[in-house]
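Dropping coords-v9.txt in here (compact mmCIF, C-alpha atoms):
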```txt
# COMPACT_ATOMS: atom_id res chain seq x y z
CA MET A 3 12.74 13.99 5.25
CA THR A 4 9.67 13.20 7.39
CA ASN A 5 8.95 16.91 7.58
CA GLU A 6 9.23 17.27 3.82
CA VAL A 7 6.59 14.60 3.23
CA GLU A 8 4.25 16.10 5.81
CA ASN A 9 4.77 19.47 4.21
CA LEU A 10 3.94 18.03 0.80
CA LEU A 11 0.74 16.47 2.10
CA ASN A 12 -0.25 19.74 3.75
CA LYS A 13 0.16 21.52 0.43
CA VAL A 14 -1.66 18.81 -1.55
CA TRP A 15 -4.61 18.85 0.87
CA ALA A 16 -4.90 22.63 0.90
CA GLY A 17 -4.49 22.63 -2.88
CA MET A 18 -7.34 20.17 -3.38
CA ILE A 19 -9.72 22.27 -1.31
CA LEU A 20 -8.68 25.61 -2.86
CA ILE A 21 -8.96 24.22 -6.40
CA SER A 22 -12.42 22.84 -5.56
CA ILE A 23 -13.66 26.20 -4.31
CA PHE A 24 -12.30 28.17 -7.27
CA CYS A 25 -13.52 25.57 -9.73
CA ALA A 26 -17.01 25.57 -8.18
CA LEU A 27 -17.05 29.37 -8.38
CA ALA A 28 -16.12 29.27 -12.06
CA THR A 29 -18.57 26.54 -13.03
CA GLY A 30 -21.42 27.65 -10.77
CA ARG A 31 -21.43 24.47 -8.73
CA MET A 32 -21.40 26.10 -5.30
CA PRO A 33 -24.56 24.30 -4.07
CA GLN A 34 -23.05 20.89 -4.95
CA LEU A 35 -19.78 21.89 -3.31
CA SER A 36 -21.35 22.83 -0.02
CA ASP A 37 -23.30 19.55 0.00
CA ALA A 38 -20.03 17.75 -0.70
CA VAL A 39 -18.37 19.14 2.43
CA LEU A 40 -21.03 17.64 4.67
CA ALA A 41 -21.38 14.44 2.68
CA GLY A 42 -17.62 13.87 2.43
CA ALA A 43 -16.97 14.09 6.14
CA GLY A 44 -19.98 11.88 6.86
CA ASN A 45 -18.95 9.35 4.19
CA ALA A 46 -15.53 8.91 5.78
CA ALA A 47 -17.05 8.01 9.14
CA GLU A 48 -19.57 5.67 7.49
CA LEU A 49 -16.81 4.01 5.50
CA VAL A 50 -14.67 3.32 8.57
CA LEU A 51 -17.68 2.02 10.51
CA GLY A 52 -18.78 -0.10 7.56
CA MET A 53 -15.33 -1.69 7.31
CA LEU A 54 -14.70 -1.95 11.03
CA GLY A 55 -16.06 -5.48 11.49
CA MET A 56 -14.19 -6.99 8.55
CA MET A 57 -10.94 -5.20 9.40
CA CYS A 58 -11.13 -6.55 12.97
CA ALA A 59 -11.86 -10.04 11.63
CA TRP A 60 -8.80 -9.92 9.34
CA THR A 61 -6.39 -8.61 11.94
CA GLY A 62 -7.79 -11.22 14.34
CA LEU A 63 -7.16 -14.05 11.86
CA MET A 64 -3.68 -12.80 11.04
CA LYS A 65 -2.93 -12.73 14.76
CA ILE A 66 -3.71 -16.46 14.95
CA ALA A 67 -1.21 -17.08 12.14
CA ASP A 68 1.35 -14.87 13.83
CA ALA A 69 0.87 -16.45 17.27
CA GLY A 70 1.38 -19.87 15.66
CA GLY A 71 4.81 -18.75 14.48
CA LEU A 72 3.99 -18.31 10.79
CA THR A 73 6.13 -15.18 10.70
CA SER A 74 9.32 -16.95 11.76
CA LEU A 75 8.46 -19.97 9.60
CA LEU A 76 8.11 -17.79 6.51
CA ALA A 77 11.24 -15.89 7.49
CA ARG A 78 13.23 -19.13 7.25
CA VAL A 79 11.88 -19.81 3.76
CA LEU A 80 12.78 -16.31 2.63
CA ALA A 81 16.31 -16.19 4.05
CA PRO A 82 18.08 -17.64 0.94
CA VAL A 83 16.33 -15.16 -1.37
CA LEU A 84 17.18 -12.20 0.83
CA ARG A 85 20.83 -13.26 1.08
CA ARG A 86 21.18 -12.51 -2.64
CA LEU A 87 19.66 -9.06 -2.28
CA PHE A 88 21.79 -8.13 0.74
CA PRO A 89 25.20 -9.68 0.07
CA ALA A 90 26.84 -7.34 2.61
CA TYR A 91 25.12 -9.10 5.53
CA PRO A 92 25.54 -12.81 6.34
CA PRO A 93 22.24 -14.61 7.12
CA GLU A 94 23.04 -14.87 10.84
CA SER A 95 23.76 -11.14 11.28
CA PRO A 96 21.23 -9.08 13.24
CA ALA A 97 20.69 -6.86 10.17
CA ALA A 98 19.76 -9.80 7.94
CA LYS A 99 17.42 -11.18 10.60
CA ALA A 100 15.64 -7.88 11.07
CA VAL A 101 15.29 -7.46 7.29
CA CYS A 102 13.84 -10.95 7.06
CA MET A 103 11.31 -10.39 9.85
CA ASN A 104 10.25 -7.07 8.32
CA ILE A 105 9.64 -8.60 4.90
CA THR A 106 7.68 -11.51 6.40
CA ALA A 107 5.49 -9.21 8.49
CA ASN A 108 4.81 -7.20 5.32
CA LEU A 109 3.85 -10.36 3.41
CA LEU A 110 1.30 -11.20 6.10
CA GLY A 111 0.01 -7.64 6.16
CA LEU A 112 1.10 -7.08 9.79
CA GLY A 113 1.87 -3.43 9.19
CA ASN A 114 2.08 -2.58 12.89
CA ALA A 115 4.78 -5.20 13.38
CA ALA A 116 6.62 -4.56 10.12
CA THR A 117 7.57 -0.93 10.72
CA PRO A 118 9.45 -1.37 14.04
CA MET A 119 11.33 -4.35 12.59
CA GLY A 120 12.18 -2.32 9.51
CA ILE A 121 13.50 0.50 11.66
CA ALA A 122 15.57 -2.05 13.61
CA ALA A 123 16.98 -3.29 10.29
CA MET A 124 17.89 0.26 9.25
CA LYS A 125 19.64 0.85 12.60
CA GLU A 126 21.68 -2.34 12.16
CA MET A 127 22.67 -1.32 8.65
CA GLN A 128 23.56 2.16 9.88
CA LYS A 129 26.14 0.66 12.30
CA ASN A 130 28.67 -0.17 9.58
CA ASN A 131 27.67 2.59 7.20
CA THR A 132 30.69 4.60 6.04
CA ASP A 133 28.79 7.91 5.94
CA VAL A 134 25.94 8.15 8.48
CA LYS A 135 24.16 10.86 6.45
CA THR A 136 24.14 8.89 3.17
CA ALA A 137 22.25 5.70 2.38
CA ASN A 138 24.36 2.68 1.39
CA ASN A 139 23.31 0.19 -1.31
CA SER A 140 21.75 -2.27 1.14
CA MET A 141 19.62 0.47 2.70
CA VAL A 142 18.37 1.61 -0.70
CA MET A 143 17.54 -1.99 -1.62
CA PHE A 144 15.70 -2.44 1.66
CA VAL A 145 13.66 0.76 1.39
CA VAL A 146 12.75 0.02 -2.25
CA LEU A 147 11.57 -3.43 -1.12
CA ASN A 148 9.33 -1.73 1.43
CA THR A 149 7.94 0.89 -0.97
CA ALA A 150 6.63 -1.93 -3.17
CA SER A 151 3.66 -3.71 -1.65
CA LEU A 152 4.46 -7.26 -0.61
CA GLN A 153 1.19 -8.08 1.12
CA LEU A 154 -0.07 -11.53 0.07
CA ILE A 155 -3.70 -10.78 0.89
CA PRO A 156 -4.65 -7.10 0.53
CA THR A 157 -7.35 -7.33 3.20
CA PHE A 158 -8.04 -3.60 3.32
CA MET A 159 -8.61 -3.51 -0.44
CA GLY A 160 -10.87 -6.59 -0.30
CA THR A 161 -12.91 -5.07 2.51
CA LEU A 162 -13.20 -1.74 0.71
CA ARG A 163 -14.36 -3.50 -2.48
CA ALA A 164 -16.88 -5.57 -0.50
CA ASN A 165 -18.17 -2.38 1.10
CA TYR A 166 -18.94 -0.99 -2.36
CA GLY A 167 -20.77 -4.12 -3.47
CA ALA A 168 -18.11 -6.04 -5.42
CA ALA A 169 -19.49 -9.49 -6.39
CA ALA A 170 -16.27 -11.29 -5.40
CA PRO A 171 -14.08 -8.69 -3.66
CA PHE A 172 -10.94 -10.86 -3.79
CA ASP A 173 -11.20 -11.76 -7.48
CA ILE A 174 -8.41 -9.24 -8.08
CA LEU A 175 -5.88 -11.36 -6.12
CA PRO A 176 -4.06 -12.95 -9.09
CA ALA A 177 -3.80 -9.58 -10.82
CA VAL A 178 -2.48 -7.99 -7.60
CA TRP A 179 0.12 -10.73 -7.13
CA ILE A 180 1.43 -10.50 -10.69
CA THR A 181 1.51 -6.71 -10.56
CA SER A 182 3.28 -6.71 -7.16
CA ILE A 183 5.92 -9.22 -8.22
CA LEU A 184 6.68 -7.62 -11.58
CA SER A 185 6.79 -4.07 -10.23
CA LEU A 186 8.98 -5.19 -7.34
CA ALA A 187 11.33 -6.83 -9.85
CA VAL A 188 11.44 -3.58 -11.83
CA GLY A 189 12.19 -1.60 -8.64
CA LEU A 190 14.97 -3.91 -7.49
CA LEU A 191 16.49 -3.96 -10.96
CA ALA A 192 16.35 -0.16 -11.10
CA ALA A 193 18.01 0.04 -7.67
CA LYS A 194 20.75 -2.35 -8.81
CA LEU A 195 21.36 -0.52 -12.09
CA LEU A 196 21.47 2.91 -10.43
CA GLU A 197 23.86 1.80 -7.67
CA GLY A 198 26.95 2.83 -9.56
CA ARG A 199 25.62 6.22 -10.56
CA LYS A 200 25.74 9.29 -8.38
CA VAL A 201 22.15 10.43 -7.87
CA GLY A 202 20.99 13.07 -5.41
CA MET B 8 -11.35 -17.05 -11.93
CA ASP B 9 -14.84 -16.88 -10.45
CA LYS B 10 -14.13 -19.99 -8.40
CA LEU B 11 -11.03 -18.43 -6.90
CA GLY B 12 -13.04 -15.41 -5.82
CA ILE B 13 -15.58 -17.58 -4.04
CA TYR B 14 -13.17 -20.03 -2.42
CA ALA B 15 -10.29 -17.69 -1.57
CA VAL B 16 -11.68 -16.36 1.71
CA PRO B 17 -13.00 -19.63 3.25
CA ILE B 18 -9.80 -21.45 2.26
CA MET B 19 -7.64 -18.76 3.82
CA ILE B 20 -9.62 -18.92 7.04
CA LEU B 21 -9.45 -22.72 7.08
CA LEU B 22 -5.67 -22.73 6.57
CA ILE B 23 -5.06 -20.11 9.24
CA LEU B 24 -7.31 -21.90 11.73
CA LEU B 25 -5.74 -25.33 11.09
CA PHE B 26 -2.25 -23.86 11.33
CA GLY B 27 -3.11 -22.20 14.64
CA MET B 28 -4.61 -25.39 16.05
CA ILE B 29 -1.62 -27.52 15.00
CA ARG B 30 0.70 -25.01 16.68
CA ARG B 31 -1.50 -25.13 19.81
CA VAL B 32 -2.46 -21.46 19.68
CA PRO B 33 -5.44 -20.48 21.86
CA VAL B 34 -7.14 -19.50 18.61
CA PHE B 35 -10.07 -17.48 19.89
CA ASP B 36 -7.94 -15.55 22.38
CA ALA B 37 -5.46 -14.72 19.63
CA PHE B 38 -8.30 -13.69 17.31
CA VAL B 39 -9.78 -11.33 19.87
CA GLU B 40 -6.38 -9.83 20.64
CA GLY B 41 -5.73 -9.21 16.94
CA ALA B 42 -9.22 -7.82 16.38
CA LYS B 43 -8.55 -5.25 19.12
CA GLU B 44 -5.50 -4.06 17.18
CA GLY B 45 -7.67 -3.80 14.06
CA LEU B 46 -10.17 -1.71 15.98
CA ALA B 47 -7.49 0.65 17.21
CA SER B 48 -5.88 1.10 13.80
CA SER B 49 -9.23 1.58 12.06
CA PHE B 50 -10.12 4.38 14.44
CA SER B 51 -6.67 5.92 14.18
CA ILE B 52 -7.03 6.40 10.40
CA LEU B 53 -10.48 8.00 10.77
CA PRO B 54 -9.33 11.64 11.20
CA THR B 55 -6.98 11.41 8.20
CA LEU B 56 -9.71 9.82 6.11
CA VAL B 57 -12.27 12.48 7.09
CA GLY B 58 -9.88 15.19 5.88
CA LEU B 59 -9.00 13.50 2.63
CA ILE B 60 -12.42 12.12 1.71
CA MET B 61 -13.85 15.57 2.33
CA ALA B 62 -11.24 17.13 0.03
CA VAL B 63 -11.75 14.52 -2.71
CA THR B 64 -15.56 14.76 -2.52
CA MET B 65 -15.18 18.52 -2.92
CA LEU B 66 -12.88 18.03 -5.93
CA LYS B 67 -15.49 15.75 -7.49
CA ALA B 68 -18.47 18.00 -6.77
CA SER B 69 -16.73 21.10 -8.13
CA GLY B 70 -15.98 19.34 -11.40
CA ALA B 71 -12.23 19.74 -10.84
CA LEU B 72 -11.57 16.01 -10.47
CA ASP B 73 -13.13 15.27 -13.87
CA MET B 74 -11.18 18.17 -15.35
CA ILE B 75 -7.91 16.81 -13.99
CA ALA B 76 -8.81 13.36 -15.36
CA SER B 77 -9.64 14.68 -18.83
CA PHE B 78 -6.51 16.84 -18.80
CA LEU B 79 -4.48 13.67 -18.10
CA ALA B 80 -6.52 11.52 -20.51
CA PRO B 81 -3.87 11.55 -23.28
CA VAL B 82 -1.23 10.28 -20.81
CA ALA B 83 -3.71 7.67 -19.54
CA GLN B 84 -4.38 6.46 -23.06
CA LEU B 85 -0.68 6.18 -23.76
CA LEU B 86 -0.27 4.01 -20.65
CA GLY B 87 -3.41 1.96 -21.31
CA LEU B 88 -5.08 3.24 -18.13
CA PRO B 89 -8.66 4.48 -17.72
CA ALA B 90 -8.57 8.29 -17.41
CA ASN B 91 -10.35 8.42 -14.05
CA VAL B 92 -7.61 6.40 -12.28
CA MET B 93 -4.93 8.99 -13.14
CA PRO B 94 -5.53 11.14 -10.01
CA LEU B 95 -5.13 7.93 -7.95
CA ALA B 96 -1.77 7.25 -9.60
CA LEU B 97 -0.64 10.76 -8.67
CA ILE B 98 -1.66 10.62 -5.00
CA LYS B 99 -0.86 6.99 -4.12
CA PRO B 100 2.91 7.54 -3.59
CA ILE B 101 2.18 10.48 -1.26
CA SER B 102 -0.84 9.47 0.82
CA GLY B 103 -2.49 6.13 1.54
CA SER B 104 -5.68 7.73 2.86
CA GLY B 105 -5.75 10.06 -0.14
CA ALA B 106 -5.65 6.96 -2.34
CA THR B 107 -8.50 5.42 -0.34
CA ALA B 108 -10.52 8.60 -0.79
CA LEU B 109 -10.03 8.50 -4.57
CA LEU B 110 -10.80 4.77 -4.65
CA THR B 111 -14.17 5.36 -2.98
CA GLN B 112 -14.85 8.00 -5.62
CA ILE B 113 -14.00 5.58 -8.48
CA PHE B 114 -16.06 2.79 -6.88
CA GLU B 115 -19.02 5.14 -6.54
CA SER B 116 -18.90 6.44 -10.10
CA SER B 117 -17.79 3.32 -12.03
CA GLY B 118 -18.40 0.46 -9.59
CA PRO B 119 -15.76 -1.85 -8.04
CA ASP B 120 -16.25 -4.53 -10.73
CA SER B 121 -15.84 -2.18 -13.69
CA PHE B 122 -12.57 -2.09 -15.63
CA ALA B 123 -11.62 1.22 -13.99
CA GLY B 124 -12.68 -0.09 -10.57
CA ARG B 125 -10.55 -3.20 -10.89
CA VAL B 126 -7.51 -1.39 -12.32
CA ALA B 127 -7.74 1.12 -9.45
CA SER B 128 -7.98 -1.74 -6.92
CA VAL B 129 -4.94 -3.50 -8.36
CA MET B 130 -2.94 -0.26 -8.61
CA ALA B 131 -3.60 0.60 -4.99
CA GLY B 132 -3.29 -3.00 -3.77
CA SER B 133 0.10 -3.60 -5.34
CA THR B 134 1.92 -0.41 -4.29
CA GLU B 135 2.77 1.26 -1.00
CA THR B 136 2.81 4.89 0.09
CA THR B 137 6.31 5.35 -1.31
CA PHE B 138 7.27 8.74 0.13
CA TYR B 139 5.89 7.91 3.56
CA CYS B 140 7.94 4.70 3.63
CA ILE B 141 11.10 6.53 2.58
CA ALA B 142 10.50 9.22 5.20
CA VAL B 143 9.90 6.74 8.04
CA TYR B 144 12.89 4.50 7.39
CA TYR B 145 15.50 7.11 6.55
CA GLY B 146 14.10 9.49 9.15
CA ALA B 147 14.55 6.84 11.86
CA VAL B 148 18.32 6.68 11.31
CA GLY B 149 18.96 10.30 10.29
CA ILE B 150 19.92 9.64 6.64
CA LYS B 151 19.74 12.81 4.55
CA LYS B 152 21.08 11.63 1.19
CA THR B 153 18.84 8.90 -0.15
CA ARG B 154 20.82 8.53 -3.42
CA HIS B 155 18.90 6.44 -5.98
CA THR B 156 16.05 5.40 -3.61
CA ILE B 157 13.40 7.77 -4.99
CA PRO B 158 14.11 7.12 -8.71
CA ALA B 159 14.10 3.34 -8.15
CA ALA B 160 10.95 3.37 -5.97
CA LEU B 161 9.03 5.61 -8.37
CA THR B 162 10.10 3.42 -11.31
CA ALA B 163 8.52 0.48 -9.45
CA ASP B 164 5.31 2.47 -8.84
CA PHE B 165 5.12 3.50 -12.47
CA ALA B 166 5.62 -0.10 -13.57
CA ALA B 167 2.88 -1.22 -11.16
CA PHE B 168 0.36 1.22 -12.66
CA VAL B 169 1.00 0.07 -16.23
CA ILE B 170 1.09 -3.64 -15.29
CA ALA B 171 -2.14 -3.25 -13.25
CA ALA B 172 -4.06 -2.34 -16.40
CA LEU B 173 -2.41 -5.14 -18.40
CA SER B 174 -3.12 -7.80 -15.80
CA VAL B 175 -6.76 -6.74 -15.28
CA ARG B 176 -7.20 -6.89 -19.04
CA TYR B 177 -5.62 -10.34 -19.09
CA PHE B 178 -7.74 -11.79 -16.24
CA PHE B 179 -11.05 -10.02 -16.83
CA GLY B 180 -10.94 -8.73 -20.41
CA GLY B 181 -12.04 -5.18 -21.18
```
Rewrite the structure of this file - the entire thing - as structure tokens.
Amino acid sequence: MTNEVENLLNKVWAGMILISIFCALATGRMPQLSDAVLAGAGNAAELVLGMLGMMCAWTGLMKIADAGGLTSLLARVLAPVLRRLFPAYPPESPAAKAVCMNITANLLGLGNAATPMGIAAMKEMQKNNTDVKTANNSMVMFVVLNTASLQLIPTFMGTLRANYGAAAPFDILPAVWITSILSLAVGLLAAKLLEGRKVG
Amino acid sequence: MDKLGIYAVPIMILLILLFGMIRRVPVFDAFVEGAKEGLASSFSILPTLVGLIMAVTMLKASGALDMIASFLAPVAQLLGLPANVMPLALIKPISGSGATALLTQIFESSGPDSFAGRVASVMAGSTETTFYCIAVYYGAVGIKKTRHTIPAALTADFAAFVIAALSVRYFFGG
């Protein structure tokens, strides 16, 4: 599965470059294209450097929240909601706890912490899985939860918008929240409705 | 709405700082430790971003990106999306850095506060890199049959794209 995604990205990347070259040949935009190669690589480095300070500031602030125990505090608030989504695991089970910690870390945008906890949750769920090669309903629910963005404050997006001169980079927050919540609801509903069907 | 934009950041910082102080966190030490992690992760995405921003800048310069957008314009219109965010919708489930590369392109051509710029921001800010997520989690435990994961996750992504345009229209007009 991991290989398949990497393979796809390899093809997409090569495809983008090949299409560009053929398209530039056809439309006579070769000079612009060769400028673009230099500019593009340079832009990427400038972008990362331009965002570096703000990204450090955000991860620093989130670390204060995390060190103060906000993650476990939020996890307690979320537990009753998650119990409904994962009826197979009682709230005190290691699987439910790992799921809870993963979701909370995602909410706070602690991506580095969220992934290992998510993998721990998957390993716990795998323990009582009837077929170790096939995902059970709880696993699907969990992965769908993770493929929807749960981050309360999209700091990367705000920083990127600020870098391009947005007047109030975080003015998109309410729209992001509503879109996240509604699309997550659609995803979870879809997962629930498709549970009974045999897909893939 | 304007007020929220101005107050959101200072209020967030105030709340985090007060919370840390109440919980007796050595706030500056924690900040510095976290900032180091931010530094490391920013540098670790640099090579991926160089590759993808280069490819997207080439697509734009060759005229291919605009061609793809105008080819997808009828679909975009049906969904209520600006045509130039369609390539973003296609790449977002596959590559986070690819999405960033296309975002920079949209911000450069339309501006971050344009309708397209805001819709693109909300689209990218309210979805994850779906296939990467699926690969990491199932890959970690050796699951081969993902059953209804991909249809459900892509349904959520699709919903997010359509709702992004609706919500930006609702909050900002346009």
>> What's around segment 70-87 of chain B at 10 Å? Count all atoms listed in the file, leave out sequence neighbours fewer than 2 positions away in its own chain, and write the answer as number ranges by chain.
In response: A: 18, 21-26, 28-31, 34-35; B: 63-68, 89-95, 109, 112, 165, 168-173, 176
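Between Gly62 of chain A and the residues A:Gly111, A:Lys135, A:Gly120, A:Leu11, the shortest atom-to-atom distance, using all atoms listed in the file, involves A:Gly111.
Between Gly55 of chain A and the residues B:Val126, B:Ile23, B:Gly45, B:Val39, the shortest atom-to-atom distance, using all atoms listed in the file, involves B:Gly45.
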>> Between atom CA of Lys13 of chain A and atom CA of Phe138 of chain B, what is the distance in Å, rounded to a tenth?
In response: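 Between atom CA of Lys13 of chain A and atom CA of Phe138 of chain B the gap is 14.6 Å.
A straight line drawn from atom CA of Thr137 of chain B to atom CA of Thr55 of chain B is 17.4 Å long.
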> Using only C-alpha atoms, which residues sit within 9 Å of Gly181 of chain B once same-chain residues fewer than 5 positions away are excluded, as a PyMOL selection string?
Replying inline: chain B and resi 121-122+175-176
> Which residues come within 12 Å of Glu197 of chain A, counting only C-alpha atoms, excluding same-chain residues fewer than 6 positions away, as a PyMOL selection string?
Replying inline: (chain A and resi 137-143+190-191) or (chain B and resi 153-156+158-159)
> With all atoms listed in the file as the atoms that count, which of B:Val143, B:Ala37, B:Met19, B:Met130 lies nearest to Ala163 of chain B?
Replying inline: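 Comparing B:Val143, B:Ala37, B:Met19, B:Met130 against Ala163 of chain B, the winner is B:Met130.
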>> Considering only C-alpha atoms, can you say which of A:Leu195, A:Leu175, A:Ala100, A:Leu40 comes closest to Leu84 of chain A?
In response: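 Using only C-alpha atoms, the shortest distance to Leu84 of chain A belongs to A:Ala100.
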> Which is closest to Ile13 of chain B among A:Ala169, A:Ala46, A:Val145, A:Ala98, if we use all atoms listed in the file?
Replying inline: A:Ala169
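Taking atom CA of Gly70 of chain A and atom CA of Arg30 of chain B as the two end points, the separation is 5.3 Å.
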> Do you know which residues are at most 8 Å from Val148 of chain B counting all atoms listed in the file, after dropping those on the same chain fewer than 6 positions away, and could you put them as an MDAnalysis selection string?
Replying inline: chainID A and resid 121 124:125 128
>> Could you check the closest approach to chain A for each of B:Met61, B:Leu161, B:Ala106, B:Leu25 and tell me which residue wins, using all atoms listed in the file?
In response: B:Met61
>> If we count all atoms listed in the file and set the cut-off at 8 Å, which residues sit around segment 180-186 of chain A, ignoring sequence neighbours fewer than 3 positions away in its own chain? Please answer as a ChimeraX atom specification.
In response: /A:147,150-152,176-177,189-190 /B:129,133-134,163-164,166-167,170-171,174
> Which protein, DNA or RNA residues have an atom at most 12 Å from (-10.3, -13.7, -4.6), counting all atoms listed in the file? List them as a PyMOL selection string.
Replying inline: (chain A and resi 154-157+159-161+163-164+168-179) or (chain B and resi 8-19)
>> Could you check which residues have any atom within 6 Å of (9.1, -12.7, 5.8), counting only C-alpha atoms with coordinates taken straight from the file, and then list them as a list in words?
In response: Leu76, Ala77, Cys102, Met103, Ile105, Thr106 and Ala107 of chain A
Completion of segment 102-116 of chain A up to N, CA, C and O atoms, as a CSV table (one decimal), in the coordinates of the input:
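What follows is the written file rebuild.csv:
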```csv
chain,number,residue,atom,x,y,z
A,102,CYS,N,14.7,-9.8,7.3
A,102,CYS,CA,13.8,-11.0,7.1
A,102,CYS,C,12.5,-10.9,7.8
A,102,CYS,O,11.4,-11.1,7.2
A,103,MET,N,12.5,-10.5,9.1
A,103,MET,CA,11.3,-10.4,9.8
A,103,MET,C,10.4,-9.3,9.3
A,103,MET,O,9.2,-9.4,9.3
A,104,ASN,N,11.0,-8.2,8.9
A,104,ASN,CA,10.2,-7.1,8.3
A,104,ASN,C,9.5,-7.5,7.1
A,104,ASN,O,8.3,-7.2,6.9
A,105,ILE,N,10.2,-8.2,6.2
A,105,ILE,CA,9.6,-8.6,4.9
A,105,ILE,C,8.5,-9.6,5.2
A,105,ILE,O,7.4,-9.5,4.6
A,106,THR,N,8.7,-10.5,6.1
A,106,THR,CA,7.7,-11.5,6.4
A,106,THR,C,6.4,-10.8,7.0
A,106,THR,O,5.3,-11.2,6.6
A,107,ALA,N,6.6,-9.9,7.9
A,107,ALA,CA,5.5,-9.2,8.5
A,107,ALA,C,4.7,-8.5,7.4
A,107,ALA,O,3.5,-8.4,7.4
A,108,ASN,N,5.5,-7.9,6.4
A,108,ASN,CA,4.8,-7.2,5.3
A,108,ASN,C,4.0,-8.2,4.5
A,108,ASN,O,2.9,-7.9,4.0
A,109,LEU,N,4.6,-9.3,4.2
A,109,LEU,CA,3.8,-10.4,3.4
A,109,LEU,C,2.5,-10.7,4.1
A,109,LEU,O,1.5,-10.9,3.4
A,110,LEU,N,2.5,-10.8,5.4
A,110,LEU,CA,1.3,-11.2,6.1
A,110,LEU,C,0.4,-10.0,6.4
A,110,LEU,O,-0.7,-10.2,6.9
A,111,GLY,N,0.8,-8.8,6.0
A,111,GLY,CA,0.0,-7.6,6.2
A,111,GLY,C,0.0,-7.2,7.6
A,111,GLY,O,-0.9,-6.5,8.0
A,112,LEU,N,1.0,-7.5,8.4
A,112,LEU,CA,1.1,-7.1,9.8
A,112,LEU,C,1.9,-5.8,9.8
A,112,LEU,O,3.0,-5.7,10.3
A,113,GLY,N,1.2,-4.7,9.3
A,113,GLY,CA,1.9,-3.4,9.2
A,113,GLY,C,2.4,-2.9,10.5
A,113,GLY,O,3.5,-2.3,10.6
A,114,ASN,N,1.7,-3.1,11.6
A,114,ASN,CA,2.1,-2.6,12.9
A,114,ASN,C,3.4,-3.2,13.4
A,114,ASN,O,4.1,-2.6,14.1
A,115,ALA,N,3.6,-4.5,13.0
A,115,ALA,CA,4.8,-5.2,13.4
A,115,ALA,C,5.9,-4.9,12.4
A,115,ALA,O,7.1,-4.9,12.8
A,116,ALA,N,5.6,-4.7,11.1
A,116,ALA,CA,6.6,-4.6,10.1
A,116,ALA,C,7.5,-3.3,10.3
A,116,ALA,O,8.7,-3.4,10.2
```
